[in-house]
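Have a look at protein.txt; it's compact mmCIF, C-alpha atoms:
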# COMPACT_ATOMS: atom_id res chain seq x y z
CA MET H 30 0.00 0.00 0.00
CA THR H 31 2.78 2.39 0.99
CA ARG H 32 4.53 1.57 -2.29
CA TRP H 33 1.50 2.57 -4.35
CA VAL H 34 1.03 5.81 -2.40
CA THR H 35 4.70 6.65 -2.93
CA LEU H 36 4.39 5.92 -6.63
CA ALA H 37 1.26 8.09 -6.90
CA LEU H 38 2.94 10.97 -5.06
CA ALA H 39 6.03 10.67 -7.22
CA GLY H 40 3.79 10.69 -10.28
CA CYS H 41 1.97 13.83 -9.12
CA LEU H 42 5.29 15.59 -8.58
CA THR H 43 7.00 14.49 -11.77
CA LEU H 44 4.13 14.77 -14.26
CA PRO H 45 4.16 18.59 -14.45
CA LEU H 46 7.91 18.56 -14.98
CA ALA H 47 7.58 15.88 -17.63
CA ALA H 48 4.86 17.90 -19.36
CA GLN H 49 7.18 20.91 -19.52
CA SER H 50 10.03 18.89 -21.00
CA VAL H 51 7.73 17.25 -23.58
CA HIS H 52 6.40 20.62 -24.64
CA GLY H 53 9.98 21.84 -25.02
CA ARG H 54 10.89 18.89 -27.23
CA LEU H 55 7.86 19.36 -29.48
CA ALA H 56 7.93 23.14 -29.78
CA GLY H 57 9.24 24.16 -33.16
CA ARG H 58 9.39 20.54 -34.33
CA ILE H 59 5.70 19.90 -35.10
CA PRO H 60 2.92 22.26 -36.22
CA SER H 61 1.95 24.40 -33.26
CA ASP H 62 -1.77 23.59 -33.65
CA ALA H 63 -1.00 19.89 -33.05
CA ILE H 64 1.02 20.39 -29.88
CA PRO H 65 -1.88 20.67 -27.36
CA THR H 66 -3.56 17.46 -28.56
CA VAL H 67 -0.31 15.52 -28.82
CA ASP H 68 0.65 16.84 -25.40
CA SER H 69 -2.61 15.63 -23.88
CA LEU H 70 -2.21 12.19 -25.49
CA ILE H 71 1.25 11.95 -23.97
CA GLN H 72 -0.14 12.94 -20.57
CA PHE H 73 -2.81 10.23 -20.89
CA ALA H 74 -0.08 7.69 -21.54
CA ALA H 75 1.93 8.87 -18.54
CA GLN H 76 -1.14 8.67 -16.28
CA GLU H 77 -1.83 5.13 -17.47
CA GLY H 78 1.74 4.06 -16.74
CA LEU H 79 2.58 3.69 -20.42
CA PRO H 80 5.91 4.81 -21.90
CA THR H 81 5.71 8.25 -23.48
CA GLU H 82 8.90 8.18 -25.55
CA PRO H 83 7.35 6.23 -28.46
CA LEU H 84 4.61 8.88 -28.71
CA ILE H 85 7.09 11.73 -28.62
CA GLN H 86 9.17 10.02 -31.29
CA LYS H 87 6.11 9.51 -33.49
CA ALA H 88 5.22 13.19 -33.24
CA LEU H 89 8.82 14.27 -33.95
CA GLU H 90 8.91 11.89 -36.91
CA GLY H 91 5.76 13.44 -38.35
CA GLY H 92 7.18 16.92 -37.87
CA ALA H 93 10.47 15.99 -39.54
CA LYS H 94 8.56 14.51 -42.48
CA HIS H 95 6.52 17.72 -42.79
CA VAL H 96 3.26 15.94 -42.13
CA ALA H 97 0.18 18.08 -41.36
CA GLY H 98 -0.84 18.46 -37.71
CA PRO H 99 -4.02 16.34 -37.85
CA ARG H 100 -2.12 13.40 -39.35
CA ILE H 101 0.51 13.65 -36.65
CA VAL H 102 -2.20 13.58 -33.99
CA ALA H 103 -3.79 10.54 -35.67
CA ALA H 104 -0.46 8.69 -35.80
CA VAL H 105 0.22 9.44 -32.12
CA GLN H 106 -3.27 8.14 -31.29
CA VAL H 107 -2.50 4.91 -33.17
CA SER H 108 0.75 4.55 -31.22
CA LEU H 109 -1.06 5.12 -27.94
CA GLY H 110 -3.58 2.45 -28.93
CA GLN H 111 -0.76 0.00 -29.66
CA LEU H 112 0.78 0.65 -26.24
CA ARG H 113 -2.58 0.03 -24.59
CA ASP H 114 -2.97 -3.21 -26.58
CA ALA H 115 0.54 -4.19 -25.51
CA ARG H 116 -0.34 -3.56 -21.85
CA ASP H 117 -3.50 -5.67 -22.09
CA LEU H 118 -1.62 -8.43 -23.87
CA LEU H 119 1.15 -8.57 -21.28
CA VAL H 120 -1.38 -8.65 -18.44
CA ARG H 121 -3.14 -11.55 -20.17
CA ALA H 122 0.26 -13.25 -20.52
CA GLY H 123 0.68 -13.05 -16.77
CA ASP H 124 2.76 -9.90 -16.19
CA GLN H 125 1.93 -7.96 -13.04
CA PRO H 126 1.62 -4.15 -13.10
CA PRO H 127 3.53 -1.91 -13.04
CA LEU H 128 4.74 -3.14 -16.40
CA LEU H 129 8.21 -2.39 -17.67
CA ALA H 130 8.34 0.35 -20.30
CA SER H 131 10.83 -1.70 -22.31
CA GLU H 132 8.46 -4.67 -22.43
CA LEU H 133 5.50 -2.52 -23.43
CA THR H 134 7.52 -0.94 -26.20
CA THR H 135 8.75 -4.34 -27.36
CA VAL H 136 5.24 -5.77 -27.61
CA ALA H 137 4.03 -2.64 -29.41
CA TRP H 138 6.88 -3.16 -31.88
CA ALA H 139 5.82 -6.76 -32.43
CA LEU H 140 2.23 -5.68 -33.09
CA ARG H 141 3.43 -3.04 -35.54
CA ARG H 142 5.57 -5.62 -37.31
CA GLY H 143 2.44 -7.67 -37.92
CA LEU H 144 2.75 -10.48 -35.39
CA PRO H 145 -0.69 -11.81 -34.42
CA ALA H 146 -1.59 -10.88 -30.83
CA PRO H 147 -2.19 -14.51 -29.76
CA VAL H 148 1.30 -15.46 -30.95
CA ILE H 149 2.88 -12.59 -29.02
CA GLU H 150 0.88 -13.54 -25.95
CA ARG H 151 1.98 -17.15 -26.21
CA VAL H 152 5.66 -16.22 -26.52
CA ALA H 153 5.41 -13.71 -23.66
CA ALA H 154 3.72 -16.25 -21.41
CA ALA H 155 6.17 -19.03 -22.31
CA LEU H 156 9.22 -16.86 -21.63
CA GLY H 157 7.74 -15.61 -18.37
CA ARG H 158 10.15 -12.93 -17.30
CA PRO H 159 11.63 -10.05 -19.27
CA PRO H 160 13.50 -9.32 -21.44
CA ARG H 161 11.53 -10.62 -24.38
CA ALA H 162 12.65 -8.19 -27.07
CA ALA H 163 15.05 -10.56 -28.81
CA ALA H 164 12.50 -13.38 -28.79
CA LEU H 165 9.71 -11.27 -30.30
CA HIS H 166 12.00 -9.74 -32.91
CA ALA H 167 13.24 -13.21 -33.84
CA VAL H 168 9.68 -14.45 -34.35
CA ALA H 169 8.79 -11.31 -36.30
CA ASP H 170 11.88 -11.76 -38.50
CA LEU H 171 10.81 -15.29 -39.37
CA VAL H 172 7.19 -14.26 -40.02
CA ALA H 173 8.42 -11.43 -42.25
CA HIS H 174 10.10 -14.15 -44.34
CA ARG H 175 6.84 -16.10 -44.66
CA PHE H 176 7.42 -18.60 -41.88
CA ASP H 177 4.23 -19.76 -40.23
CA PRO H 178 3.76 -17.58 -37.10
CA ASP H 179 2.91 -20.50 -34.81
CA SER H 180 5.90 -22.54 -36.01
CA ALA H 181 8.21 -19.58 -35.69
CA ALA H 182 7.02 -18.89 -32.14
CA ALA H 183 7.38 -22.55 -31.23
CA LEU H 184 10.99 -22.58 -32.48
CA ILE H 185 11.96 -19.57 -30.40
CA VAL H 186 10.22 -20.79 -27.26
CA GLU H 187 11.90 -24.15 -27.67
CA ALA H 188 15.27 -22.47 -28.09
CA VAL H 189 14.86 -20.76 -24.73
CA GLN H 190 13.71 -23.96 -23.08
CA ASP H 191 16.72 -25.80 -24.52
CA GLY H 192 19.12 -23.30 -23.02
CA VAL H 193 19.83 -20.85 -25.83
CA PRO H 194 20.63 -17.52 -24.14
CA ARG H 195 18.01 -14.84 -24.82
CA ALA H 196 20.64 -12.52 -26.24
CA ARG H 197 21.28 -15.17 -28.92
CA LEU H 198 17.69 -15.62 -30.11
CA LEU H 199 18.19 -13.35 -33.10
CA ASP H 200 20.93 -15.76 -34.15
CA VAL H 201 18.34 -18.55 -34.12
CA SER H 202 16.10 -16.77 -36.61
CA THR H 203 19.14 -15.84 -38.69
CA ALA H 204 20.22 -19.48 -38.77
CA ALA H 205 16.76 -20.55 -39.99
CA LEU H 206 16.79 -17.90 -42.71
CA GLN H 207 20.23 -19.06 -43.82
CA GLN H 208 18.92 -22.61 -44.18
CA VAL H 209 16.18 -21.33 -46.48
CA GLN H 210 18.79 -19.47 -48.52
CA ARG H 211 20.65 -22.77 -48.88
CA GLY H 212 17.59 -24.28 -50.51
CA HIS H 213 15.74 -25.93 -47.66
CA THR H 214 12.01 -25.57 -47.20
CA ARG H 215 10.87 -23.57 -44.22
CA SER H 216 9.85 -26.60 -42.22
CA GLU H 217 13.20 -28.27 -43.00
CA ALA H 218 15.02 -25.11 -41.95
CA LEU H 219 13.22 -25.08 -38.60
CA ALA H 220 14.00 -28.75 -38.05
CA ILE H 221 17.71 -28.28 -38.86
CA VAL H 222 18.09 -25.36 -36.49
CA ARG H 223 16.09 -27.13 -33.77
CA ARG H 224 18.39 -30.14 -33.90
CA GLN H 225 21.39 -27.92 -33.11
CA PHE H 226 19.96 -26.51 -29.86
CA PRO H 227 21.39 -25.20 -27.60
CA ASN H 228 24.12 -24.47 -30.13
CA VAL H 229 23.50 -21.67 -32.57
CA PRO H 230 25.92 -20.37 -35.19
CA ALA H 231 27.63 -17.33 -33.68
CA PRO H 232 27.43 -14.05 -35.51
CA SER H 233 30.69 -12.37 -36.36
CA LYS H 234 31.69 -10.01 -33.60
CA PRO H 235 32.53 -6.52 -34.74
CA THR H 236 36.23 -5.81 -34.60
CA ARG H 237 37.66 -2.36 -33.91
CA GLY H 238 38.40 -2.09 -37.61
CA ASN H 239 34.67 -2.42 -38.33
CA PHE H 240 33.86 0.75 -36.52
CA ALA H 241 36.89 2.93 -37.07
CA GLY H 242 35.54 6.43 -37.45
CA ALA H 243 32.23 5.56 -35.78
CA ARG H 244 30.56 8.47 -34.05
CA ARG H 245 27.78 8.99 -31.59
CA PRO H 246 24.73 11.00 -32.63
CA ALA H 247 24.65 14.52 -31.26
CA THR H 248 21.19 14.02 -29.74
CA PRO H 249 21.14 11.46 -26.95
CA ALA H 250 19.16 8.40 -27.97
CA PRO H 251 16.17 7.59 -25.77
CA MET G 1 117.99 38.82 -22.24
CA ASN G 2 119.46 42.11 -23.44
CA GLN G 3 121.46 44.14 -21.01
CA ILE G 4 120.34 47.80 -20.84
CA ASP G 5 123.20 50.10 -21.43
CA SER G 6 124.30 51.64 -18.10
CA ARG G 7 124.40 55.06 -19.73
CA ILE G 8 120.62 54.91 -20.20
CA HIS G 9 120.22 54.39 -16.46
CA GLN G 10 122.50 57.33 -15.82
CA VAL G 11 120.52 59.57 -18.21
CA LEU G 12 117.19 58.48 -16.66
CA ASP G 13 118.64 59.07 -13.18
CA GLY G 14 119.83 62.52 -14.28
CA GLU G 15 123.48 61.73 -13.82
CA LEU G 16 124.21 62.28 -17.48
CA GLY G 17 122.73 64.73 -19.95
CA SER G 18 120.82 63.44 -22.97
CA ASP G 19 123.43 65.02 -25.22
CA ALA G 20 126.17 62.98 -23.66
CA VAL G 21 124.95 59.70 -25.14
CA PRO G 22 124.85 58.64 -28.78
CA ALA G 23 121.68 59.34 -30.79
CA GLU G 24 120.67 55.66 -30.72
CA LEU G 25 120.67 55.59 -26.95
CA GLY G 26 118.90 58.91 -26.88
CA ARG G 27 115.91 57.39 -28.79
CA ALA G 28 115.75 54.52 -26.31
CA VAL G 29 115.74 57.00 -23.44
CA ALA G 30 112.93 58.95 -25.12
CA GLN G 31 110.81 55.78 -25.53
CA LEU G 32 111.32 54.81 -21.92
CA ARG G 33 110.28 58.26 -20.76
CA ALA G 34 107.09 58.09 -22.92
CA ALA G 35 106.25 54.72 -21.38
CA ALA G 36 106.76 56.14 -17.91
CA THR G 37 104.43 59.02 -18.74
CA LEU G 38 101.71 56.61 -19.87
CA LEU G 39 101.97 54.57 -16.72
CA ALA G 40 101.78 57.66 -14.63
CA ALA G 41 98.49 58.62 -16.35
CA ALA G 42 96.67 55.32 -15.35
CA PRO G 43 93.58 55.58 -13.06
CA SER G 44 94.61 56.73 -9.76
CA GLY G 45 91.92 55.05 -7.59
CA PRO G 46 92.65 52.08 -5.43
CA ALA G 47 92.97 48.78 -7.27
CA VAL G 48 89.84 46.55 -7.04
CA SER G 49 91.07 43.31 -5.67
CA LEU G 50 89.29 39.96 -5.94
CA GLU G 51 88.79 39.91 -2.21
CA SER G 52 87.09 43.30 -2.18
CA ARG G 53 84.74 42.27 -5.00
CA VAL G 54 83.74 39.07 -3.16
CA MET G 55 83.14 40.96 0.05
CA ALA G 56 81.00 43.53 -1.80
CA GLU G 57 78.84 40.74 -3.19
CA ILE G 58 78.42 39.22 0.27
CA ARG G 59 77.48 42.55 1.80
CA ARG G 60 74.80 43.27 -0.84
CA PRO G 61 71.27 43.02 0.71
CA SER G 62 69.66 39.63 -0.16
CA LEU G 63 66.75 39.57 -2.68
CA SER G 64 63.27 38.42 -1.80
CA ARG G 65 62.34 34.83 -2.59
CA ALA G 66 60.03 35.86 -5.44
CA ARG G 67 62.71 38.02 -7.05
CA ARG G 68 65.27 35.26 -6.72
CA LEU G 69 62.84 32.86 -8.37
CA MET G 70 62.16 35.39 -11.10
CA ARG G 71 65.86 35.93 -11.66
CA TRP G 72 66.43 32.16 -11.76
CA LEU G 73 63.66 31.80 -14.33
CA VAL G 74 64.87 34.52 -16.67
CA THR G 75 68.58 33.83 -16.41
CA PRO G 76 69.77 31.87 -19.45
CA ARG G 77 71.19 28.49 -18.54
CA ALA G 78 72.89 25.81 -20.53
CA ILE G 79 71.39 22.33 -20.24
CA ILE G 80 73.58 19.50 -21.29
CA PHE G 81 72.17 16.05 -22.08
CA ARG G 82 74.53 13.17 -22.18
CA VAL G 83 72.63 10.37 -23.98
CA ARG G 84 73.84 7.04 -25.20
CA PRO G 85 72.63 6.48 -28.81
CA ALA G 86 71.32 3.00 -27.91
CA TRP G 87 68.99 4.46 -25.26
CA SER G 88 67.82 7.19 -27.64
CA LEU G 89 66.80 4.61 -30.24
CA ALA G 90 65.00 2.50 -27.63
CA PHE G 91 63.08 5.53 -26.36
CA ALA G 92 62.05 6.51 -29.90
CA ALA G 93 60.84 2.96 -30.62
CA VAL G 94 58.70 2.87 -27.46
CA ALA G 95 57.18 6.28 -28.24
CA ALA G 96 56.35 5.21 -31.81
CA ALA G 97 54.76 1.97 -30.61
CA LEU G 98 52.60 3.78 -28.04
CA THR G 99 51.42 6.25 -30.67
CA LEU G 100 50.54 3.52 -33.14
CA PHE G 101 48.73 1.20 -30.78
CA THR G 102 46.82 3.64 -28.62
CA ALA G 103 45.52 6.31 -30.94
CA GLY G 104 45.88 4.94 -34.40
CA ASP G 105 42.55 3.39 -35.43
CA GLY G 106 40.10 6.18 -34.57
CA ALA G 107 37.61 3.69 -33.15
CA PRO G 108 35.69 4.92 -30.11
CA GLU G 109 35.64 2.99 -26.85
CA LEU G 110 32.27 1.30 -26.45
CA ALA G 111 30.40 1.10 -23.18
CA GLU G 112 28.94 -2.24 -22.15
CA HIS G 113 25.43 -1.33 -23.33
CA GLU G 114 26.54 0.17 -26.63
CA GLY G 115 26.71 -1.31 -30.09
CA ILE G 116 27.46 -0.35 -33.65
CA ALA G 117 24.97 0.49 -36.39
CA GLN G 118 26.27 0.63 -39.94
CA PHE G 119 24.14 2.47 -42.47
CA VAL G 120 24.78 1.92 -46.14
CA GLY G 121 22.77 3.22 -49.10
CA ARG G 122 23.32 3.47 -52.83
CA PHE G 123 22.44 6.92 -54.11
CA PRO G 124 24.54 7.59 -57.24
CA GLU G 125 23.20 11.04 -57.99
CA ALA G 126 23.01 12.33 -54.43
CA GLN G 127 24.86 15.38 -53.19
CA SER G 128 24.20 14.57 -49.53
CA VAL G 129 22.68 11.70 -47.55
CA HIS G 130 21.74 11.76 -43.87
CA VAL G 131 20.26 9.10 -41.62
CA VAL G 132 17.42 10.22 -39.40
CA GLY G 133 15.55 8.19 -36.83
CA THR G 134 14.51 7.55 -33.28
CA PHE G 135 18.19 7.61 -32.24
CA ASN G 136 18.51 11.31 -33.04
CA ASP G 137 14.96 12.53 -32.41
CA TRP G 138 14.31 12.48 -36.20
CA ARG G 139 16.53 15.53 -36.49
CA PRO G 140 17.63 15.90 -40.12
CA GLY G 141 21.25 16.75 -40.72
CA SER G 142 22.77 15.35 -37.54
CA ILE G 143 24.29 12.14 -38.96
CA ALA G 144 25.74 12.43 -42.44
CA LEU G 145 26.68 9.47 -44.62
CA VAL G 146 29.89 9.74 -46.62
CA ASP G 147 30.68 8.57 -50.14
CA GLN G 148 34.44 8.35 -49.81
CA ASP G 149 35.07 6.52 -53.10
CA HIS G 150 32.60 8.63 -55.10
CA ASP G 151 31.02 5.39 -56.27
CA GLY G 152 27.51 6.34 -55.17
CA VAL G 153 27.61 4.14 -52.05
CA TRP G 154 27.12 6.22 -48.93
CA ARG G 155 28.09 4.94 -45.48
CA ALA G 156 27.99 5.92 -41.82
CA THR G 157 28.97 4.00 -38.71
CA VAL G 158 27.26 5.12 -35.54
CA VAL G 159 27.63 4.15 -31.89
CA LEU G 160 24.21 3.68 -30.28
CA PRO G 161 22.87 2.25 -27.05
CA ALA G 162 21.70 -1.31 -27.65
CA GLY G 163 18.05 -1.31 -28.69
CA THR G 164 15.62 -1.10 -31.58
CA TYR G 165 15.42 1.98 -33.75
CA GLU G 166 13.36 3.18 -36.72
CA TYR G 167 15.07 5.28 -39.35
CA MET G 168 15.05 6.60 -42.91
CA PHE G 169 17.58 8.19 -45.20
CA VAL G 170 17.17 11.81 -46.24
CA VAL G 171 18.70 12.40 -49.66
CA ASP G 172 19.72 15.92 -50.67
CA GLY G 173 17.89 17.30 -47.67
CA GLU G 174 14.39 16.63 -48.97
CA ARG G 175 13.83 13.11 -50.29
CA TRP G 176 12.90 10.55 -47.58
CA VAL G 177 13.94 7.03 -48.57
CA PRO G 178 13.76 3.77 -46.60
CA ASP G 179 16.88 1.64 -46.35
CA HIS G 180 16.32 -0.96 -49.04
CA LEU G 181 19.07 -3.14 -47.57
CA ALA G 182 17.36 -3.31 -44.17
CA GLU G 183 15.71 -6.65 -43.47
CA ARG G 184 13.07 -5.11 -41.27
CA LEU G 185 10.52 -2.55 -42.35
CA VAL G 186 7.47 -1.19 -40.58
CA ALA G 187 4.67 1.14 -41.62
CA ASP G 188 5.31 4.66 -40.39
CA ASP G 189 1.57 5.59 -40.13
CA PHE G 190 2.25 8.47 -42.52
CA GLY G 191 1.91 6.39 -45.69
CA ARG G 192 5.52 5.23 -45.92
CA GLU G 193 7.76 2.60 -44.37
CA ASN G 194 10.54 3.03 -41.86
CA SER G 195 13.50 0.71 -41.69
CA ILE G 196 14.34 -0.97 -38.41
CA VAL G 197 17.79 -1.56 -37.00
CA ILE G 198 18.40 -3.68 -33.93
CA VAL G 199 21.64 -2.70 -32.22
CA ARG G 200 23.14 -5.46 -30.15
CA PRO G 201 25.77 -4.79 -27.47
CA ALA G 202 29.23 -5.05 -29.01
CA ARG G 203 30.60 -6.64 -25.81
CA ARG G 204 28.55 -9.80 -25.60
With the file now loaded, output its structure as structure tokens.
Amino acid sequence: MTRWVTLALAGCLTLPLAAQSVHGRLAGRIPSDAIPTVDSLIQFAAQEGLPTEPLIQKALEGGAKHVAGPRIVAAVQVSLGQLRDARDLLVRAGDQPPLLASELTTVAWALRRGLPAPVIERVAAALGRPPRAAALHAVADLVAHRFDPDSAAALIVEAVQDGVPRARLLDVSTAALQQVQRGHTRSEALAIVRRQFPNVPAPSKPTRGNFAGARRPATPAP
Amino acid sequence: MNQIDSRIHQVLDGELGSDAVPAELGRAVAQLRAAATLLAAAPSGPAVSLESRVMAEIRRPSLSRARRLMRWLVTPRAIIFRVRPAWSLAFAAVAAALTLFTAGDGAPELAEHEGIAQFVGRFPEAQSVHVVGTFNDWRPGSIALVDQDHDGVWRATVVLPAGTYEYMFVVDGERWVPDHLAERLVADDFGRENSIVIVRPARR
């Protein structure tokens, strides 16, 4: 009980400050007539415990692409809807509020990439604890290459159960795609990769020569 | 050693007149008298001995510490290095090795949570190409791609925190183009598609 009161008080204190900083980030970057509505959508998200950064990024993206204000507002509304769907999905999968912003964003990504909600829910429930980003991206990668969503999800869940580290799950989907490139059918590719668990072909690690001259963006990434 | 004629002594002492000696001796007497006159005209003050100069230096009032330091700093001094050639060569080799191996490749140090994103696009006619996305608040112009070989292939290597990012290329400052080499695309809700890059931690 004390924890929830503390969280509510912290929210009451930080929300006005957050609103100021959001307004500052949007001012001059999106049409001024869209700012109040976008601002209120962002405040709704904050009050519901949803991450606000994806909404801010969507608005900034629309402004950079010189999109009209009403279309920016519509796109931010769609993003807010996806975050709400992600929250509902994670709760159905067994996550307890407060939900992690990173997990909400990950599930919203998966929805945007076209993964069916039941498949996401099944993967989230099977993996149990965060992080699930690599798993959901791996499934989405396979589905984007016309693998059956249920089979793709089953492969990734099985990889985790067989001891493949979560950070290596993208290598699992890459291995399956490579088998298809070698001429195997999709079901054969899944079977070949599955037989190798928990071993997965390692990706090449970047050497210092790979990123000589690399630079960090001037604006801090979220 | 030549003996001086005794008659010269006698003339100089006044015992003989100058006319009483031959002309040759008379010239010698005249030269000696001129030399005596010169010596007599030397400074008449007391001679400055070494001892008196040392004592004068000792008696001079001592300078303040700051002035002594200042004097020490501005006084020219000779510094002599005595170096064996073998040591000089060894020192030069170590300095060259340190320079080559510590600052040579221009690659930044990556934090544990950071990774590398490489952006490549083929735009043969482009004058400029930038990458814009959620990693730079969709701010055009902040990350430029470079076509070093002038072959129409533009590249940029960027250090980013590990994560998932949406992005597009901006060609010549106005044309928004998705990355056709990206394996992941997603609708941008503005009628186009963004590319997706997943940055994995480099230290894994």
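Distances to chain G were evaluated for H:Val120, H:Ala155, H:Val189, H:Leu199 using only C-alpha atoms, and the minimum falls at H:Leu199.
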Exercise for the section: Counting only C-alpha atoms, collect the residues of chain G whose closest atom lies at most 7 Å from chain H, and write them out as an MDAnalysis selection string. Expected result: chainID G and resid 105:108 134:139 142:143 157:160 186 189 202
Test item: which residues lie within 12 Å of (4.3, -4.6, -15.3) counting all atoms listed in the file, as a short mmCIF file (atom, residue, chain, number, x, y, z; two decimals) with C-alpha atoms, in the frame of the given file:
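Okay, this is what ended up in point.cif:
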data_model
loop_
_atom_site.label_atom_id
_atom_site.label_comp_id
_atom_site.auth_asym_id
_atom_site.auth_seq_id
_atom_site.Cartn_x
_atom_site.Cartn_y
_atom_site.Cartn_z
CA GLU H 77 -1.83 5.13 -17.47
CA GLY H 78 1.74 4.06 -16.74
CA LEU H 79 2.58 3.69 -20.42
CA PRO H 80 5.91 4.81 -21.90
CA ALA H 115 0.54 -4.19 -25.51
CA ARG H 116 -0.34 -3.56 -21.85
CA ASP H 117 -3.50 -5.67 -22.09
CA LEU H 118 -1.62 -8.43 -23.87
CA LEU H 119 1.15 -8.57 -21.28
CA VAL H 120 -1.38 -8.65 -18.44
CA ARG H 121 -3.14 -11.55 -20.17
CA ALA H 122 0.26 -13.25 -20.52
CA GLY H 123 0.68 -13.05 -16.77
CA ASP H 124 2.76 -9.90 -16.19
CA GLN H 125 1.93 -7.96 -13.04
CA PRO H 126 1.62 -4.15 -13.10
CA PRO H 127 3.53 -1.91 -13.04
CA LEU H 128 4.74 -3.14 -16.40
CA LEU H 129 8.21 -2.39 -17.67
CA ALA H 130 8.34 0.35 -20.30
CA SER H 131 10.83 -1.70 -22.31
CA GLU H 132 8.46 -4.67 -22.43
CA LEU H 133 5.50 -2.52 -23.43
CA THR H 134 7.52 -0.94 -26.20
CA GLY H 157 7.74 -15.61 -18.37
CA ARG H 158 10.15 -12.93 -17.30
CA PRO H 159 11.63 -10.05 -19.27
#
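With atom CA of Gln208 of chain H on one side and atom CA of Ile198 of chain G on the other, the separation reads 21.5 Å.
Candidate residues H:Gln190, H:Gln111, H:Thr81, H:Ser180 were compared for distance to Leu219 of chain H, and the nearest is H:Ser180, using only C-alpha atoms.
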Exercise for the section: Calculate how many Å separate atom CA of Arg68 of chain G from atom CA of Ser52 of chain G, rounding to one decimal. Expected result: 23.7 Å
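Atom CA of Arg195 of chain H lies 7.9 Å from atom CA of Pro160 of chain H.
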Practice task
Would you kindly return, as a ChimeraX atom specification, each protein, DNA or RNA residue with an atom no farther than 12 Å from any atom of segment 3-19 of chain G, considering all atoms listed in the file and excluding same-chain residues fewer than 2 positions away?
Solution key: /G:1,21-34,36
Practice task
Taking (5.3, -26.9, -45.8) in the file's own coordinates, collect the residues within 10 Å, counting all atoms listed in the file, and hand them back as a ChimeraX atom specification.
Solution key: /H:176-177,214-217
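Proximity of H:Val148, H:Leu198, H:Leu112, H:Val229 to Ala167 of chain H, computed with all atoms listed in the file, is greatest for H:Leu198.
Of the residues listed (H:Leu70, H:Leu140, H:Ala75, H:Ile221), H:Leu70 shows the shortest atom-to-atom separation from Gln106 of chain H; distances use all atoms listed in the file.
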Handout entry: Nearest-residue call for Ala156 of chain G, choices G:Leu63, G:Val120, G:Val170, G:Ala92, using only C-alpha atoms
Key = G:Val120
Exercise for the section: Find the residues around Val186 of chain H up to 9 Å (only C-alpha atoms counted), leave out those fewer than 2 positions away in its own chain, and share them as an MDAnalysis selection string. Expected result: chainID H and resid 152 155:156 164 181:184 188:191
Return the padded bounding box of segment 157-173 of chain G as lines of an AutoDock Vina configuration file: axis-aligned, built from all atoms listed in the file, 4 Å added on each side, with centre and edge lengths in Å to one decimal.
center_x = 21.2
center_y = 8.0
center_z = -38.9
size_x = 23.6
size_y = 26.6
size_z = 31.6
N, CA and C atoms modelled onto segment 172-183 of chain G, as an mmCIF file, in the coordinates of the input:
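Okay, this is what ended up in rebuild-v4.cif:
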data_model
loop_
_atom_site.group_PDB
_atom_site.id
_atom_site.type_symbol
_atom_site.label_atom_id
_atom_site.label_comp_id
_atom_site.auth_asym_id
_atom_site.auth_seq_id
_atom_site.Cartn_x
_atom_site.Cartn_y
_atom_site.Cartn_z
ATOM 1 N N ASP G 172 19.675 14.516 -50.223
ATOM 2 C CA ASP G 172 19.720 15.920 -50.670
ATOM 3 C C ASP G 172 18.805 16.818 -49.835
ATOM 4 N N GLY G 173 18.618 16.447 -48.600
ATOM 5 C CA GLY G 173 17.890 17.300 -47.670
ATOM 6 C C GLY G 173 16.390 17.308 -47.823
ATOM 7 N N GLU G 174 15.848 16.551 -48.782
ATOM 8 C CA GLU G 174 14.390 16.630 -48.970
ATOM 9 C C GLU G 174 13.716 15.304 -49.314
ATOM 10 N N ARG G 175 14.455 14.355 -49.848
ATOM 11 C CA ARG G 175 13.830 13.110 -50.290
ATOM 12 C C ARG G 175 14.008 12.043 -49.210
ATOM 13 N N TRP G 176 12.877 11.561 -48.642
ATOM 14 C CA TRP G 176 12.900 10.550 -47.580
ATOM 15 C C TRP G 176 12.823 9.168 -48.227
ATOM 16 N N VAL G 177 13.817 8.330 -47.912
ATOM 17 C CA VAL G 177 13.940 7.030 -48.570
ATOM 18 C C VAL G 177 14.183 5.962 -47.503
ATOM 19 N N PRO G 178 13.434 4.854 -47.543
ATOM 20 C CA PRO G 178 13.760 3.770 -46.600
ATOM 21 C C PRO G 178 15.046 3.080 -47.017
ATOM 22 N N ASP G 179 15.653 2.397 -46.071
ATOM 23 C CA ASP G 179 16.880 1.640 -46.350
ATOM 24 C C ASP G 179 16.478 0.334 -47.008
ATOM 25 N N HIS G 180 16.752 0.229 -48.317
ATOM 26 C CA HIS G 180 16.320 -0.960 -49.040
ATOM 27 C C HIS G 180 17.124 -2.197 -48.653
ATOM 28 N N LEU G 181 18.273 -1.994 -48.005
ATOM 29 C CA LEU G 181 19.070 -3.140 -47.570
ATOM 30 C C LEU G 181 18.630 -3.660 -46.202
ATOM 31 N N ALA G 182 17.806 -2.885 -45.505
ATOM 32 C CA ALA G 182 17.360 -3.310 -44.170
ATOM 33 C C ALA G 182 16.415 -4.499 -44.308
ATOM 34 N N GLU G 183 16.565 -5.455 -43.408
ATOM 35 C CA GLU G 183 15.710 -6.650 -43.470
ATOM 36 C C GLU G 183 14.378 -6.410 -42.780
#
